[in-house]
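Participant: This structure is in structure tokens; I'll ask about it shortly.
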Amino acid sequence: MSKTSETFDFFVIGGGSGGVRAARIAASLGAKVGLCESADLGGTCVNIGCVPKKLMTYGAHFAAEWREASGYGWSVAPPSHDWATLIANKDKEIGRLNGVYKRLLEGRGVTIIRGHGFFVDPHTVDVTARDGSKTRVRSKTFLVATGGRPTRPTIPGAEHVLVSDDVFHLPSMPARVLVVGGGYIAVEFAGIFNGYGARVTQIHRGALFLRGFDRDVRTHLDAEMRKKGVDLRFHRELVSVARQADRSLLCTLDDGSTLEVDAVLAAIGRVPNTAELGLANAGVALDERGAVRVDDRFRTSAPTVYAVGDVIDRIQLTPVALAEGMIVAQNLFSNAKRHADYDNVPSAVFSDPPIGTVGLTEEEARAERGAVDVFKSTFTPMKQTMTGHDEKTFMKIVVERSTDRVLGVHMVGPDAGEIVQGFAVALKCGATKAQFDSTIGIHPTAAEELVTMRERCPEPDHALEVEHKEPPRERHIVHHRWEDGDG
């Protein structure tokens with residue numbers, strides 16, 4: 001077994017969004033940087049996360065486009081779909097992005113070492129390649145950016161159950177799917193499978209999915225998903241799965257009822273990837289969930305080791321990991337003293353229809369700020385007015401009464417993520433409702449509704465339930481990363 005050695009100023013364990021960004025910035029600031037990754041570059045986002053998931057979401061929408069085309073005079077034959085073509089084209093795009101990440105790192109002079117990193121002591125990591133060869137790395141500082149992994153169920157028959165990682169490599173499209181979970185990943189995949197024509201049942205142990213999102217958003221999406229044919233069942237749990245002679249799966253729920261399906265997807269949460277890294281050898285402390293403990297500058301209990309991204313289990317969003325990685329690199333190599341700002345982090349759920357959200361929910365705003373004014377609008381998207389489809393868009397603004405400052409913007413409907421991104425800038429700047437009102441809208445668009453809502457909603461006649469905010473963990477756009485979340 002061969003063994004080599006390398007010495008660096010900064011060594012990154014994990015080639016996902018946060019790790020790659022930190023490595024590139026550190027190298028651009030003059031540090032000698034290395035990075036190890038045992039899988040493909042790009043991490044969860046590029047390979048088994050937000051990029052392939054968003055591509056599959058786009059594809060799932062085409063069937064609806066064809067169905068709606070007749071309202072605009074198009075005569076369209078019933079479409080057919082080839083799953084193998086979808087997966088092959090998706091794989092080709094992911095391969096292209098892997099190459100982009102490699103070129104970005106090498107272009108900045110970062111040394112890439114393929115293999116699994118394991119701490120020997122606070123200054124030493126052994127990287128083991130697939131062929132068993134080892135590289136001993138000595139570095140002044142290290143960054144742990146190893147992300148997370150989906151939780152697998154422990155019920156009888158769990159070996160027959162898929163997790164999100166597995167969906168992107170399915171050889172064929174299952175005709176009947178059971179989705180287990182109430183987080184955004186469960187909701188997104190329920191919409192994806194439904195869009196491709198599967199008969200989808202989604203179960204969740206709670207009273208309503210997407211805990212932590214605004215309640216009106218949750219109830220609106222509930223109604224819209226049911227309209228599209230998803231069989232939603234709340235207060236239900238999966239207790240066992242059995243493979244039958246015809247290869248179908250017999251699923252037993254906690255109320256004794258059964259379902260026959262072709263695939264079961266468990267989207268029941270994620271855990272940080274901290275096992276088998278030797279973190280104890282470096283003196284790195286973990287919390288009760290196995291996440292790396294860090295301070296506001298991402299320093300761990302070991303003076304030489306930093307950590308960012310999903311492995312620290314804060315807000316599991318790709319843009320957040322990117323920002324965290326940049327902060328670490330700049331603090332170490334440009335004498336900066338930055339820390340992360342987690343206020344008004346926008347997010348989206350690529351459900352069907354999608355959600356865009358930024359700021360406080362109504363429940364949080366009333367609990368944290370007291371008196372608030374709420375503005376809501378529910379309407380038929382203009383595109384649907386000639387299709388005969390009963391789809392509704394929902395928008396909501398939450399305003400602090402004493403200051404007129406907008407505390408939250410929430411939307412369910414087409415292009416929600418694209419629309420809310422711009423309003424996130426306004427919230428970051430401290431925009432008021434009066435400033436929203438004085439802004440001229442673009443007509444005719446859905447987005448203009450957010451600057452034309454004038455009528456306050458009546459005060460609720462009872463206290464709104466306030467739930468712990470599970471930060472929406474995803475999402476995003478090309479080059480970014482997403483994660484599961486259990487409601």
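Identifiers in this document derive from the order of the structure tokens: chains are assigned A, B, ..., residues are numbered from 1 separately in each chain, and ligands are numbered from 1 in order of occurrence.
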Can you pull out every residue within 8 Å of stretch 242-250 of chain A, counting only C-alpha atoms, but drop anything in the same chain fewer than 4 positions away, and send it as a VMD selection string?

Facilitator: chain A and resid 156 to 157 160 258 to 264

Participant: Give me the stretch 39-145 of chain A side of the contact with stretch 162-176 of chain A, cut-off 9 Å, one line per residue showing its nearest atom pair and distance in Å at one decimal, counting only C-alpha atoms, sorted by chain and residue number, as a Markdown table.

Facilitator:
```
| residue | atom | partner | partner_atom | distance |
| --- | --- | --- | --- | --- |
| A:Thr44 | CA | A:Asp165 | CA | 8.6 |
| A:Asn47 | CA | A:Phe168 | CA | 8.8 |
| A:Ile48 | CA | A:Asp165 | CA | 5.5 |
| A:Gly49 | CA | A:Asp165 | CA | 7.6 |
| A:Pro52 | CA | A:Phe168 | CA | 7.2 |
| A:Lys53 | CA | A:Phe168 | CA | 7.8 |
| A:Met56 | CA | A:Phe168 | CA | 8.9 |
| A:Asp82 | CA | A:Ser172 | CA | 8.7 |
| A:Trp83 | CA | A:Ser172 | CA | 5.9 |
| A:Ala84 | CA | A:Ser172 | CA | 6.8 |
| A:Ile87 | CA | A:His169 | CA | 7.1 |
| A:Lys90 | CA | A:Phe168 | CA | 8.7 |
| A:Asp91 | CA | A:Phe168 | CA | 8.9 |
```

Participant: With a distance cut-off of 8 Å and only C-alpha atoms, select the neighbouring residues of stretch 107-116 of chain A, excluding the residue or stretch itself and same-chain residues fewer than 6 positions from it, and output the selection as a ChimeraX atom specification.

Facilitator: /A:23-24,27-28,32-39,126-130

Participant: State, in Å with one decimal place, the distance from atom CA of A:Val425 to atom CA of A:Tyr306.

Facilitator: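 Separating atom CA of A:Val425 from atom CA of A:Tyr306 is a distance of 29.2 Å.
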
Participant: According to DSSP computed on the backbone, where in stretch 82-288 of chain A is there strand (DSSP E)? Give the residues as a PDB file with N, CA and C atoms, in the first residue's frame.

Facilitator:
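What follows is the written file selection.pdb:
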```pdb
ATOM      1  N   THR A 111      -5.171  21.750  -4.564  1.00  0.00           N
ATOM      2  CA  THR A 111      -4.801  20.349  -4.784  1.00  0.00           C
ATOM      3  C   THR A 111      -5.971  19.455  -4.371  1.00  0.00           C
ATOM      4  N   ILE A 112      -6.457  18.649  -5.305  1.00  0.00           N
ATOM      5  CA  ILE A 112      -7.574  17.737  -5.030  1.00  0.00           C
ATOM      6  C   ILE A 112      -7.023  16.346  -4.765  1.00  0.00           C
ATOM      7  N   ILE A 113      -7.372  15.803  -3.614  1.00  0.00           N
ATOM      8  CA  ILE A 113      -6.964  14.445  -3.261  1.00  0.00           C
ATOM      9  C   ILE A 113      -8.224  13.597  -3.157  1.00  0.00           C
ATOM     10  N   ARG A 114      -8.322  12.573  -3.975  1.00  0.00           N
ATOM     11  CA  ARG A 114      -9.500  11.718  -3.984  1.00  0.00           C
ATOM     12  C   ARG A 114      -9.393  10.682  -2.870  1.00  0.00           C
ATOM     13  N   HIS A 116     -11.140   9.348   1.339  1.00  0.00           N
ATOM     14  CA  HIS A 116     -11.849   9.624   2.592  1.00  0.00           C
ATOM     15  C   HIS A 116     -10.865  10.136   3.642  1.00  0.00           C
ATOM     16  N   GLY A 117     -11.181  11.311   4.213  1.00  0.00           N
ATOM     17  CA  GLY A 117     -10.297  11.904   5.216  1.00  0.00           C
ATOM     18  C   GLY A 117     -10.613  11.430   6.629  1.00  0.00           C
ATOM     19  N   PHE A 118      -9.558  11.208   7.420  1.00  0.00           N
ATOM     20  CA  PHE A 118      -9.699  10.743   8.798  1.00  0.00           C
ATOM     21  C   PHE A 118      -8.641  11.438   9.656  1.00  0.00           C
ATOM     22  N   PHE A 119      -9.100  12.130  10.720  1.00  0.00           N
ATOM     23  CA  PHE A 119      -8.160  12.836  11.584  1.00  0.00           C
ATOM     24  C   PHE A 119      -7.304  11.858  12.397  1.00  0.00           C
ATOM     25  N   VAL A 120      -6.020  12.111  12.382  1.00  0.00           N
ATOM     26  CA  VAL A 120      -5.084  11.379  13.235  1.00  0.00           C
ATOM     27  C   VAL A 120      -4.824  12.173  14.513  1.00  0.00           C
ATOM     28  N   ASP A 121      -4.695  13.497  14.344  1.00  0.00           N
ATOM     29  CA  ASP A 121      -4.538  14.418  15.466  1.00  0.00           C
ATOM     30  C   ASP A 121      -4.961  15.798  14.967  1.00  0.00           C
ATOM     31  N   THR A 124      -3.197  16.590  11.628  1.00  0.00           N
ATOM     32  CA  THR A 124      -2.906  15.525  10.667  1.00  0.00           C
ATOM     33  C   THR A 124      -4.178  14.799  10.252  1.00  0.00           C
ATOM     34  N   VAL A 125      -4.325  14.598   8.942  1.00  0.00           N
ATOM     35  CA  VAL A 125      -5.421  13.821   8.373  1.00  0.00           C
ATOM     36  C   VAL A 125      -4.852  12.803   7.399  1.00  0.00           C
ATOM     37  N   ASP A 126      -5.310  11.570   7.504  1.00  0.00           N
ATOM     38  CA  ASP A 126      -4.979  10.544   6.523  1.00  0.00           C
ATOM     39  C   ASP A 126      -6.114  10.431   5.529  1.00  0.00           C
ATOM     40  N   VAL A 127      -5.799  10.505   4.233  1.00  0.00           N
ATOM     41  CA  VAL A 127      -6.790  10.372   3.174  1.00  0.00           C
ATOM     42  C   VAL A 127      -6.583   9.032   2.492  1.00  0.00           C
ATOM     43  N   THR A 128      -7.611   8.192   2.559  1.00  0.00           N
ATOM     44  CA  THR A 128      -7.523   6.847   1.985  1.00  0.00           C
ATOM     45  C   THR A 128      -8.303   6.790   0.684  1.00  0.00           C
ATOM     46  N   LYS A 134      -2.755   5.668   0.668  1.00  0.00           N
ATOM     47  CA  LYS A 134      -2.972   6.724   1.658  1.00  0.00           C
ATOM     48  C   LYS A 134      -2.106   7.946   1.370  1.00  0.00           C
ATOM     49  N   THR A 135      -2.684   9.090   1.677  1.00  0.00           N
ATOM     50  CA  THR A 135      -1.926  10.333   1.648  1.00  0.00           C
ATOM     51  C   THR A 135      -2.017  10.959   3.034  1.00  0.00           C
ATOM     52  N   ARG A 136      -0.882  11.181   3.654  1.00  0.00           N
ATOM     53  CA  ARG A 136      -0.879  11.839   4.970  1.00  0.00           C
ATOM     54  C   ARG A 136      -0.791  13.348   4.761  1.00  0.00           C
ATOM     55  N   VAL A 137      -1.755  14.058   5.307  1.00  0.00           N
ATOM     56  CA  VAL A 137      -1.847  15.502   5.131  1.00  0.00           C
ATOM     57  C   VAL A 137      -1.548  16.197   6.455  1.00  0.00           C
ATOM     58  N   ARG A 138      -0.626  17.139   6.399  1.00  0.00           N
ATOM     59  CA  ARG A 138      -0.374  18.021   7.536  1.00  0.00           C
ATOM     60  C   ARG A 138      -0.841  19.414   7.127  1.00  0.00           C
ATOM     61  N   SER A 139      -1.583  20.095   8.021  1.00  0.00           N
ATOM     62  CA  SER A 139      -2.078  21.412   7.677  1.00  0.00           C
ATOM     63  C   SER A 139      -2.167  22.282   8.920  1.00  0.00           C
ATOM     64  N   LYS A 140      -2.033  23.588   8.711  1.00  0.00           N
ATOM     65  CA  LYS A 140      -2.178  24.518   9.836  1.00  0.00           C
ATOM     66  C   LYS A 140      -3.627  24.592  10.293  1.00  0.00           C
ATOM     67  N   THR A 141      -4.549  24.538   9.321  1.00  0.00           N
ATOM     68  CA  THR A 141      -5.979  24.610   9.650  1.00  0.00           C
ATOM     69  C   THR A 141      -6.744  23.646   8.753  1.00  0.00           C
ATOM     70  N   PHE A 142      -7.901  23.197   9.267  1.00  0.00           N
ATOM     71  CA  PHE A 142      -8.755  22.270   8.534  1.00  0.00           C
ATOM     72  C   PHE A 142     -10.182  22.802   8.524  1.00  0.00           C
ATOM     73  N   LEU A 143     -10.921  22.420   7.492  1.00  0.00           N
ATOM     74  CA  LEU A 143     -12.349  22.703   7.434  1.00  0.00           C
ATOM     75  C   LEU A 143     -13.101  21.397   7.209  1.00  0.00           C
ATOM     76  N   VAL A 144     -14.044  21.089   8.086  1.00  0.00           N
ATOM     77  CA  VAL A 144     -14.920  19.931   7.914  1.00  0.00           C
ATOM     78  C   VAL A 144     -16.195  20.414   7.224  1.00  0.00           C
ATOM     79  N   GLY A 148     -24.476  16.056   5.048  1.00  0.00           N
ATOM     80  CA  GLY A 148     -25.348  15.143   5.781  1.00  0.00           C
ATOM     81  C   GLY A 148     -25.800  14.012   4.888  1.00  0.00           C
ATOM     82  N   ARG A 149     -26.569  13.117   5.466  1.00  0.00           N
ATOM     83  CA  ARG A 149     -27.094  11.978   4.710  1.00  0.00           C
ATOM     84  C   ARG A 149     -28.522  11.707   5.163  1.00  0.00           C
ATOM     85  N   PRO A 150     -29.339  11.107   4.297  1.00  0.00           N
ATOM     86  CA  PRO A 150     -30.722  10.840   4.678  1.00  0.00           C
ATOM     87  C   PRO A 150     -30.826   9.755   5.738  1.00  0.00           C
ATOM     88  N   ARG A 176     -46.946   3.278  -8.785  1.00  0.00           N
ATOM     89  CA  ARG A 176     -47.609   3.604  -7.520  1.00  0.00           C
ATOM     90  C   ARG A 176     -46.525   3.870  -6.475  1.00  0.00           C
ATOM     91  N   VAL A 177     -46.621   5.006  -5.801  1.00  0.00           N
ATOM     92  CA  VAL A 177     -45.561   5.411  -4.879  1.00  0.00           C
ATOM     93  C   VAL A 177     -46.167   5.828  -3.546  1.00  0.00           C
ATOM     94  N   LEU A 178     -45.554   5.371  -2.456  1.00  0.00           N
ATOM     95  CA  LEU A 178     -45.861   5.853  -1.123  1.00  0.00           C
ATOM     96  C   LEU A 178     -44.706   6.727  -0.662  1.00  0.00           C
ATOM     97  N   VAL A 179     -44.997   7.970  -0.335  1.00  0.00           N
ATOM     98  CA  VAL A 179     -43.996   8.893   0.197  1.00  0.00           C
ATOM     99  C   VAL A 179     -44.255   9.066   1.680  1.00  0.00           C
ATOM    100  N   VAL A 180     -43.227   8.831   2.498  1.00  0.00           N
ATOM    101  CA  VAL A 180     -43.348   8.914   3.948  1.00  0.00           C
ATOM    102  C   VAL A 180     -42.571  10.127   4.432  1.00  0.00           C
ATOM    103  N   ARG A 199     -49.393   7.149  -9.291  1.00  0.00           N
ATOM    104  CA  ARG A 199     -50.429   7.318  -8.282  1.00  0.00           C
ATOM    105  C   ARG A 199     -49.711   7.451  -6.943  1.00  0.00           C
ATOM    106  N   VAL A 200     -49.811   8.638  -6.320  1.00  0.00           N
ATOM    107  CA  VAL A 200     -48.990   8.972  -5.156  1.00  0.00           C
ATOM    108  C   VAL A 200     -49.835   9.085  -3.902  1.00  0.00           C
ATOM    109  N   THR A 201     -49.369   8.414  -2.854  1.00  0.00           N
ATOM    110  CA  THR A 201     -49.903   8.592  -1.504  1.00  0.00           C
ATOM    111  C   THR A 201     -48.782   9.137  -0.636  1.00  0.00           C
ATOM    112  N   GLN A 202     -49.070  10.186   0.104  1.00  0.00           N
ATOM    113  CA  GLN A 202     -48.097  10.734   1.047  1.00  0.00           C
ATOM    114  C   GLN A 202     -48.674  10.665   2.445  1.00  0.00           C
ATOM    115  N   ILE A 203     -47.917  10.074   3.369  1.00  0.00           N
ATOM    116  CA  ILE A 203     -48.351  10.004   4.760  1.00  0.00           C
ATOM    117  C   ILE A 203     -47.393  10.789   5.637  1.00  0.00           C
ATOM    118  N   HIS A 204     -47.941  11.329   6.715  1.00  0.00           N
ATOM    119  CA  HIS A 204     -47.137  12.101   7.661  1.00  0.00           C
ATOM    120  C   HIS A 204     -47.727  11.904   9.046  1.00  0.00           C
ATOM    121  N   ASP A 231     -52.819  11.726  -2.807  1.00  0.00           N
ATOM    122  CA  ASP A 231     -53.587  11.215  -1.669  1.00  0.00           C
ATOM    123  C   ASP A 231     -52.814  11.524  -0.390  1.00  0.00           C
ATOM    124  N   LEU A 232     -53.202  12.594   0.290  1.00  0.00           N
ATOM    125  CA  LEU A 232     -52.516  13.016   1.514  1.00  0.00           C
ATOM    126  C   LEU A 232     -53.206  12.405   2.731  1.00  0.00           C
ATOM    127  N   ARG A 233     -52.421  11.787   3.592  1.00  0.00           N
ATOM    128  CA  ARG A 233     -52.965  11.173   4.800  1.00  0.00           C
ATOM    129  C   ARG A 233     -52.113  11.606   5.990  1.00  0.00           C
ATOM    130  N   PHE A 234     -52.704  12.411   6.862  1.00  0.00           N
ATOM    131  CA  PHE A 234     -51.999  12.882   8.044  1.00  0.00           C
ATOM    132  C   PHE A 234     -52.347  12.020   9.246  1.00  0.00           C
ATOM    133  N   LEU A 238     -45.903   4.627   8.836  1.00  0.00           N
ATOM    134  CA  LEU A 238     -45.617   3.341   8.204  1.00  0.00           C
ATOM    135  C   LEU A 238     -45.006   2.416   9.237  1.00  0.00           C
ATOM    136  N   VAL A 239     -45.557   1.202   9.377  1.00  0.00           N
ATOM    137  CA  VAL A 239     -45.045   0.276  10.395  1.00  0.00           C
ATOM    138  C   VAL A 239     -44.309  -0.913   9.789  1.00  0.00           C
ATOM    139  N   SER A 240     -44.597  -1.273   8.529  1.00  0.00           N
ATOM    140  CA  SER A 240     -43.863  -2.382   7.913  1.00  0.00           C
ATOM    141  C   SER A 240     -44.041  -2.368   6.405  1.00  0.00           C
ATOM    142  N   VAL A 241     -43.077  -3.001   5.728  1.00  0.00           N
ATOM    143  CA  VAL A 241     -43.123  -3.150   4.274  1.00  0.00           C
ATOM    144  C   VAL A 241     -42.738  -4.584   3.943  1.00  0.00           C
ATOM    145  N   ALA A 242     -43.496  -5.226   3.060  1.00  0.00           N
ATOM    146  CA  ALA A 242     -43.191  -6.613   2.673  1.00  0.00           C
ATOM    147  C   ALA A 242     -43.208  -6.724   1.150  1.00  0.00           C
ATOM    148  N   ARG A 243     -42.210  -7.432   0.596  1.00  0.00           N
ATOM    149  CA  ARG A 243     -42.159  -7.676  -0.841  1.00  0.00           C
ATOM    150  C   ARG A 243     -43.082  -8.837  -1.175  1.00  0.00           C
ATOM    151  N   LEU A 249     -44.978  -3.951  -3.316  1.00  0.00           N
ATOM    152  CA  LEU A 249     -44.710  -3.809  -1.892  1.00  0.00           C
ATOM    153  C   LEU A 249     -46.031  -3.643  -1.144  1.00  0.00           C
ATOM    154  N   LEU A 250     -46.205  -4.428  -0.102  1.00  0.00           N
ATOM    155  CA  LEU A 250     -47.378  -4.316   0.757  1.00  0.00           C
ATOM    156  C   LEU A 250     -46.979  -3.495   1.978  1.00  0.00           C
ATOM    157  N   CYS A 251     -47.584  -2.321   2.113  1.00  0.00           N
ATOM    158  CA  CYS A 251     -47.246  -1.391   3.191  1.00  0.00           C
ATOM    159  C   CYS A 251     -48.358  -1.395   4.225  1.00  0.00           C
ATOM    160  N   THR A 252     -47.985  -1.583   5.476  1.00  0.00           N
ATOM    161  CA  THR A 252     -48.949  -1.567   6.566  1.00  0.00           C
ATOM    162  C   THR A 252     -48.772  -0.292   7.371  1.00  0.00           C
ATOM    163  N   LEU A 253     -49.881   0.429   7.593  1.00  0.00           N
ATOM    164  CA  LEU A 253     -49.856   1.671   8.350  1.00  0.00           C
ATOM    165  C   LEU A 253     -50.284   1.432   9.785  1.00  0.00           C
ATOM    166  N   THR A 258     -53.676  -1.111   4.733  1.00  0.00           N
ATOM    167  CA  THR A 258     -52.558  -1.510   3.884  1.00  0.00           C
ATOM    168  C   THR A 258     -52.634  -0.813   2.531  1.00  0.00           C
ATOM    169  N   LEU A 259     -51.470  -0.682   1.905  1.00  0.00           N
ATOM    170  CA  LEU A 259     -51.362  -0.130   0.559  1.00  0.00           C
ATOM    171  C   LEU A 259     -50.453  -1.025  -0.259  1.00  0.00           C
ATOM    172  N   GLU A 260     -50.807  -1.259  -1.511  1.00  0.00           N
ATOM    173  CA  GLU A 260     -49.915  -1.940  -2.441  1.00  0.00           C
ATOM    174  C   GLU A 260     -49.298  -0.906  -3.357  1.00  0.00           C
ATOM    175  N   VAL A 261     -47.976  -0.830  -3.379  1.00  0.00           N
ATOM    176  CA  VAL A 261     -47.279   0.155  -4.195  1.00  0.00           C
ATOM    177  C   VAL A 261     -46.096  -0.502  -4.871  1.00  0.00           C
ATOM    178  N   ALA A 263     -43.114   1.425  -5.113  1.00  0.00           N
ATOM    179  CA  ALA A 263     -41.936   2.035  -4.477  1.00  0.00           C
ATOM    180  C   ALA A 263     -42.379   2.782  -3.229  1.00  0.00           C
ATOM    181  N   VAL A 264     -41.510   2.749  -2.219  1.00  0.00           N
ATOM    182  CA  VAL A 264     -41.718   3.508  -0.989  1.00  0.00           C
ATOM    183  C   VAL A 264     -40.513   4.425  -0.815  1.00  0.00           C
ATOM    184  N   LEU A 265     -40.776   5.720  -0.653  1.00  0.00           N
ATOM    185  CA  LEU A 265     -39.717   6.703  -0.406  1.00  0.00           C
ATOM    186  C   LEU A 265     -39.871   7.237   1.002  1.00  0.00           C
ATOM    187  N   ALA A 266     -38.838   7.092   1.821  1.00  0.00           N
ATOM    188  CA  ALA A 266     -38.830   7.657   3.171  1.00  0.00           C
ATOM    189  C   ALA A 266     -38.011   8.939   3.164  1.00  0.00           C
ATOM    190  N   ARG A 270     -32.522  14.094   7.978  1.00  0.00           N
ATOM    191  CA  ARG A 270     -31.123  13.870   7.651  1.00  0.00           C
ATOM    192  C   ARG A 270     -30.281  13.993   8.910  1.00  0.00           C
ATOM    193  N   VAL A 271     -29.112  13.377   8.874  1.00  0.00           N
ATOM    194  CA  VAL A 271     -28.176  13.459   9.997  1.00  0.00           C
ATOM    195  C   VAL A 271     -26.829  13.936   9.468  1.00  0.00           C
ATOM    196  N   PRO A 272     -26.051  14.653  10.288  1.00  0.00           N
ATOM    197  CA  PRO A 272     -24.739  15.141   9.834  1.00  0.00           C
ATOM    198  C   PRO A 272     -23.774  13.992   9.582  1.00  0.00           C
TER     199      PRO A 272
END
```

Participant: Could you pull the residues within 12 Å of A:Gly229, counting only C-alpha atoms, minus those fewer than 2 positions along the same chain, as a CSV table (one decimal) with N, CA and C atoms, in the first residue's frame?

Facilitator:
```
chain,number,residue,atom,x,y,z
A,190,ALA,N,-43.3,14.0,-3.8
A,190,ALA,CA,-44.7,13.6,-4.0
A,190,ALA,C,-45.2,14.3,-5.3
A,191,GLY,N,-44.8,15.6,-5.5
A,191,GLY,CA,-45.2,16.4,-6.7
A,191,GLY,C,-44.5,15.9,-7.9
A,193,PHE,N,-43.3,12.7,-8.6
A,193,PHE,CA,-43.8,11.4,-9.0
A,193,PHE,C,-45.3,11.6,-9.6
A,194,ASN,N,-46.1,12.5,-8.9
A,194,ASN,CA,-47.4,12.7,-9.4
A,194,ASN,C,-47.4,13.3,-10.8
A,195,GLY,N,-46.4,14.2,-11.0
A,195,GLY,CA,-46.3,14.9,-12.3
A,195,GLY,C,-45.9,13.9,-13.5
A,197,GLY,N,-46.9,11.0,-13.6
A,197,GLY,CA,-48.1,10.1,-13.8
A,197,GLY,C,-48.3,9.0,-12.8
A,198,ALA,N,-47.4,8.9,-11.8
A,198,ALA,CA,-47.6,7.9,-10.7
A,198,ALA,C,-48.8,8.2,-9.9
A,199,ARG,N,-49.4,7.1,-9.3
A,199,ARG,CA,-50.4,7.3,-8.3
A,199,ARG,C,-49.7,7.5,-6.9
A,200,VAL,N,-49.8,8.6,-6.3
A,200,VAL,CA,-49.0,9.0,-5.2
A,200,VAL,C,-49.8,9.1,-3.9
A,201,THR,N,-49.4,8.4,-2.9
A,201,THR,CA,-49.9,8.6,-1.5
A,201,THR,C,-48.8,9.1,-0.6
A,202,GLN,N,-49.1,10.2,0.1
A,202,GLN,CA,-48.1,10.7,1.0
A,202,GLN,C,-48.7,10.7,2.4
A,222,ASP,N,-51.7,22.1,0.9
A,222,ASP,CA,-52.5,20.9,1.1
A,222,ASP,C,-53.6,20.8,0.1
A,223,ALA,N,-54.4,21.9,0.0
A,223,ALA,CA,-55.6,21.9,-0.9
A,223,ALA,C,-55.2,21.7,-2.3
A,224,GLU,N,-54.1,22.4,-2.8
A,224,GLU,CA,-53.7,22.3,-4.2
A,224,GLU,C,-53.1,21.0,-4.5
A,225,MET,N,-52.4,20.3,-3.6
A,225,MET,CA,-51.9,19.0,-3.9
A,225,MET,C,-53.0,18.0,-4.0
A,226,ARG,N,-54.0,18.1,-3.2
A,226,ARG,CA,-55.2,17.2,-3.3
A,226,ARG,C,-55.9,17.4,-4.6
A,227,LYS,N,-56.0,18.7,-5.1
A,227,LYS,CA,-56.6,18.9,-6.4
A,227,LYS,C,-55.9,18.2,-7.5
A,231,ASP,N,-52.8,11.7,-2.8
A,231,ASP,CA,-53.6,11.2,-1.7
A,231,ASP,C,-52.8,11.5,-0.4
A,232,LEU,N,-53.2,12.6,0.3
A,232,LEU,CA,-52.5,13.0,1.5
A,232,LEU,C,-53.2,12.4,2.7
A,352,ASP,N,-45.6,21.2,-6.0
A,352,ASP,CA,-46.4,21.5,-7.1
A,352,ASP,C,-47.8,21.9,-6.6
```
